[in-house]
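*Asks:* There's a structure below that I have some questions on.
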Amino acid sequence: MTSSTTVSPAEFAATLPRHAVSSTLLVTDRSGRILMLHQARAYPGHPAWWQLPGGLGDLGEQPARTARREAEEETGLCPAGALRPLVIDYRSAADGWPPVVDFAFEAEPVPDGQPVRLSPEHDTYAWRAYDQWLPYLQPEQLDWFVSLWRAHTTRTTALLTDGRDVTASTVVETG
């Protein structure tokens with residue numbers, strides 16, 4: 001005779017791995033320039049850098065909602081319409097951070113000259129073309145940014161691991 005143990009959903013959930021979720025939003029203007037924000041303060045482990053509007057999701061918050069909320073908090077912009085997913089990036093645990101599942105979305109282009117209202121998290125912003133942004137990015141941002149822009153221009157969604165595109169090398173195994 002075998003015995004079975006019933007585990008409650010809460011007990012089972014307590015055994016699952018913990019991951020953070022973050023979302024960013026690619027905001028472009030009608031001329032195709034990209035909005036990026038410069039951090040007012042560096043995060044531990046890297047210098048203050050340029051980044052898209054975005055941040056960590058609240059508990060239970062859907063990733064697209066996080067992208068909208070963060071864009072509004074950090075820029076004052078309220079993206080209209082549906083957000084299209086561009087990148088899903090699994091970031092391994094590092095430097096004391098848990099693993100992070102990072103989503104990047106894009107919004108409909110905004111009018112040229114769209115005013116931006118910065119939050120205290122950022123000290124300035126700029127609108128630049130894709131190739132004009134490349135010299136401003138940190139080395140660890142480049143592969144991610146290239147993948148993001150490729151997904152935007154090809155109207156696809158890229159799968160990344162630790163900021164590197166694995167879409168082409170992903171093998172789907174069947175039965």
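Please note that chains go A, B, ... in the order of the structure tokens, that every chain numbers its residues from 1, and that ligands are numbered from 1 in the order shown.
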Can you list, as a list in words, every protein, DNA or RNA residue that comes within 8 Å of stretch 71-73 of chain A when you count only C-alpha atoms, leaving out same-chain residues fewer than 3 positions away?
*Replies:*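 In the requested form, the answer reads Thr24, Leu25, Pro53, Gly54, Ala67, Arg68, Gly76, Leu77, Cys78, Pro79 and Ser119 of chain A.
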*Asks:* Go through stretch 49-138 of chain A and collect every residue that DSSP, computed from the backbone, puts in alpha helix (DSSP H); the answer should be as a ChimeraX atom specification.
*Replies:* /A:63-75,130-133
*Asks:* How many Å separate atom CA of A:Leu159 from atom CA of A:Leu86?
*Replies:*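 That distance, rounded to one decimal, is 8.7 Å.
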*Asks:* Identify which of the residues A:His122, A:Arg117, A:Arg30, A:Arg65 lies closest to A:Gln51, counting only C-alpha atoms when measuring atom-to-atom distances.
*Replies:*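 The shortest atom-to-atom distance to A:Gln51 comes from A:His122.
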*Asks:* With only C-alpha atoms as the basis for distance, which of A:Pro99, A:Leu118, A:Asp131, A:Val87 is at the shortest distance from A:Thr157?
*Replies:*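 Of A:Pro99, A:Leu118, A:Asp131, A:Val87, the one nearest A:Thr157, counting only C-alpha atoms, is A:Val87.
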*Asks:* Can you pull out every residue within 10 Å of A:Glu140, counting only C-alpha atoms, but drop anything in the same chain fewer than 3 positions away, and send it as a PyMOL selection string?
*Replies:* chain A and resi 46+137+143-145+162-164
*Asks:* List the neighbours of A:Ala94 out to 12 Å using only C-alpha atoms; skip same-chain residues closer than 3 positions along the sequence, and give me the result as a list in words.
*Replies:*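 Everything that qualifies: Pro44, Gly45, Tyr90, Arg91, Trp97, Pro98, Pro99, Val100 and Asp162 of chain A.
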*Asks:* For the residues in the current selection, export N, CA and C atoms as an mmCIF file, in the first residue's frame.
*Replies:*
```
data_model
loop_
_atom_site.group_PDB
_atom_site.id
_atom_site.type_symbol
_atom_site.label_atom_id
_atom_site.label_comp_id
_atom_site.auth_asym_id
_atom_site.auth_seq_id
_atom_site.Cartn_x
_atom_site.Cartn_y
_atom_site.Cartn_z
ATOM 1 N N PRO A 44 23.556 49.555 -9.052
ATOM 2 C CA PRO A 44 24.743 48.776 -8.674
ATOM 3 C C PRO A 44 25.188 47.884 -9.840
ATOM 4 N N GLY A 45 26.469 47.921 -10.126
ATOM 5 C CA GLY A 45 27.023 47.038 -11.147
ATOM 6 C C GLY A 45 27.217 47.648 -12.518
ATOM 7 N N TYR A 90 15.252 36.367 -21.339
ATOM 8 C CA TYR A 90 15.459 35.710 -20.053
ATOM 9 C C TYR A 90 16.850 36.095 -19.574
ATOM 10 N N ARG A 91 16.908 36.817 -18.446
ATOM 11 C CA ARG A 91 18.186 37.249 -17.869
ATOM 12 C C ARG A 91 18.504 36.355 -16.670
ATOM 13 N N TRP A 97 20.914 39.722 -8.139
ATOM 14 C CA TRP A 97 19.563 39.820 -8.699
ATOM 15 C C TRP A 97 19.033 38.423 -8.988
ATOM 16 N N PRO A 98 17.721 38.226 -8.835
ATOM 17 C CA PRO A 98 17.137 36.955 -9.266
ATOM 18 C C PRO A 98 17.074 36.941 -10.796
ATOM 19 N N PRO A 99 16.729 35.812 -11.385
ATOM 20 C CA PRO A 99 16.485 35.829 -12.826
ATOM 21 C C PRO A 99 15.383 36.845 -13.139
ATOM 22 N N VAL A 100 15.495 37.481 -14.301
ATOM 23 C CA VAL A 100 14.515 38.479 -14.731
ATOM 24 C C VAL A 100 14.011 38.095 -16.114
ATOM 25 N N ASP A 162 19.957 36.375 -21.838
ATOM 26 C CA ASP A 162 21.015 37.260 -21.361
ATOM 27 C C ASP A 162 21.404 38.301 -22.409
#
```
*Asks:* Taking the chain letters and numbering used in this document, name the residues of stretch 7-156 of chain A that DSSP puts in strand (DSSP E), as a PyMOL selection string.
*Replies:* chain A and resi 20-26+34-39+50-51+54-56+84-91+100-106+122-128
*Asks:* Print the selection's residues with N, CA and C atoms to a file, as a short mmCIF file (atom, residue, chain, number, x, y, z; two decimals), in the first residue's frame.
*Replies:*
```
data_model
loop_
_atom_site.label_atom_id
_atom_site.label_comp_id
_atom_site.auth_asym_id
_atom_site.auth_seq_id
_atom_site.Cartn_x
_atom_site.Cartn_y
_atom_site.Cartn_z
N ALA A 20 11.91 37.92 -11.34
CA ALA A 20 11.36 39.26 -11.47
C ALA A 20 10.90 39.43 -12.92
N VAL A 21 9.97 40.33 -13.14
CA VAL A 21 9.49 40.64 -14.48
C VAL A 21 9.70 42.13 -14.69
N SER A 22 10.22 42.48 -15.86
CA SER A 22 10.37 43.89 -16.21
C SER A 22 9.87 44.10 -17.62
N SER A 23 9.56 45.33 -17.93
CA SER A 23 9.07 45.69 -19.27
C SER A 23 9.62 47.04 -19.67
N THR A 24 9.94 47.15 -20.95
CA THR A 24 10.36 48.42 -21.52
C THR A 24 9.45 48.73 -22.71
N LEU A 25 9.51 49.99 -23.13
CA LEU A 25 8.68 50.42 -24.25
C LEU A 25 9.51 51.20 -25.25
N LEU A 26 9.52 50.72 -26.48
CA LEU A 26 10.16 51.45 -27.57
C LEU A 26 9.17 52.53 -28.03
N ILE A 34 14.14 57.43 -31.88
CA ILE A 34 13.87 56.65 -30.67
C ILE A 34 14.05 57.54 -29.45
N LEU A 35 13.10 57.47 -28.53
CA LEU A 35 13.19 58.17 -27.26
C LEU A 35 13.96 57.30 -26.27
N MET A 36 15.01 57.89 -25.69
CA MET A 36 15.72 57.21 -24.61
C MET A 36 15.94 58.19 -23.48
N LEU A 37 16.04 57.63 -22.28
CA LEU A 37 16.19 58.41 -21.05
C LEU A 37 17.56 58.10 -20.43
N HIS A 38 18.18 59.11 -19.83
CA HIS A 38 19.45 58.90 -19.15
C HIS A 38 19.20 58.81 -17.65
N GLN A 39 19.71 57.76 -17.04
CA GLN A 39 19.52 57.55 -15.60
C GLN A 39 20.16 58.68 -14.81
N TRP A 50 21.93 55.26 -20.82
CA TRP A 50 20.72 55.56 -21.59
C TRP A 50 19.88 54.30 -21.67
N GLN A 51 18.56 54.48 -21.58
CA GLN A 51 17.67 53.33 -21.63
C GLN A 51 16.30 53.75 -22.13
N GLY A 54 10.98 52.16 -18.86
CA GLY A 54 10.62 50.82 -18.41
C GLY A 54 11.02 50.59 -16.98
N GLY A 55 10.69 49.41 -16.49
CA GLY A 55 11.04 49.07 -15.12
C GLY A 55 10.44 47.75 -14.70
N LEU A 56 10.54 47.48 -13.41
CA LEU A 56 10.07 46.23 -12.84
C LEU A 56 8.55 46.23 -12.70
N ARG A 84 2.80 46.21 -29.24
CA ARG A 84 3.26 45.01 -29.93
C ARG A 84 4.52 44.49 -29.26
N PRO A 85 4.57 43.18 -28.94
CA PRO A 85 5.79 42.63 -28.32
C PRO A 85 6.94 42.57 -29.32
N LEU A 86 8.10 43.02 -28.88
CA LEU A 86 9.30 42.99 -29.72
C LEU A 86 10.31 41.95 -29.24
N VAL A 87 10.57 41.94 -27.94
CA VAL A 87 11.62 41.09 -27.39
C VAL A 87 11.15 40.48 -26.07
N ILE A 88 11.48 39.21 -25.88
CA ILE A 88 11.36 38.56 -24.59
C ILE A 88 12.78 38.06 -24.27
N ASP A 89 13.31 38.52 -23.15
CA ASP A 89 14.70 38.23 -22.79
C ASP A 89 14.73 37.59 -21.41
N TYR A 90 15.25 36.37 -21.34
CA TYR A 90 15.46 35.71 -20.05
C TYR A 90 16.85 36.09 -19.57
N ARG A 91 16.91 36.82 -18.45
CA ARG A 91 18.19 37.25 -17.87
C ARG A 91 18.50 36.36 -16.67
N VAL A 100 15.50 37.48 -14.30
CA VAL A 100 14.51 38.48 -14.73
C VAL A 100 14.01 38.10 -16.11
N VAL A 101 12.70 38.08 -16.28
CA VAL A 101 12.11 37.92 -17.60
C VAL A 101 11.73 39.34 -18.05
N ASP A 102 12.41 39.79 -19.09
CA ASP A 102 12.29 41.18 -19.55
C ASP A 102 11.52 41.21 -20.87
N PHE A 103 10.45 41.98 -20.91
CA PHE A 103 9.65 42.14 -22.11
C PHE A 103 9.90 43.54 -22.68
N ALA A 104 9.99 43.63 -23.99
CA ALA A 104 10.06 44.93 -24.67
C ALA A 104 8.91 45.00 -25.66
N PHE A 105 8.20 46.11 -25.61
CA PHE A 105 7.06 46.35 -26.48
C PHE A 105 7.31 47.61 -27.29
N GLU A 106 6.50 47.80 -28.31
CA GLU A 106 6.53 49.07 -29.02
C GLU A 106 5.13 49.65 -29.08
N HIS A 122 15.44 60.00 -13.96
CA HIS A 122 16.22 60.34 -15.14
C HIS A 122 16.56 61.82 -15.14
N ASP A 123 17.74 62.15 -15.69
CA ASP A 123 18.16 63.55 -15.69
C ASP A 123 18.04 64.23 -17.05
N THR A 124 17.88 63.46 -18.11
CA THR A 124 17.67 64.05 -19.43
C THR A 124 17.09 62.99 -20.36
N TYR A 125 16.66 63.43 -21.52
CA TYR A 125 16.15 62.52 -22.54
C TYR A 125 16.61 63.03 -23.90
N ALA A 126 16.52 62.18 -24.90
CA ALA A 126 16.86 62.58 -26.26
C ALA A 126 16.11 61.70 -27.25
N TRP A 127 15.85 62.28 -28.41
CA TRP A 127 15.30 61.57 -29.55
C TRP A 127 16.43 61.45 -30.57
N ARG A 128 16.80 60.23 -30.95
CA ARG A 128 17.86 60.02 -31.94
C ARG A 128 17.47 58.85 -32.84
#
```
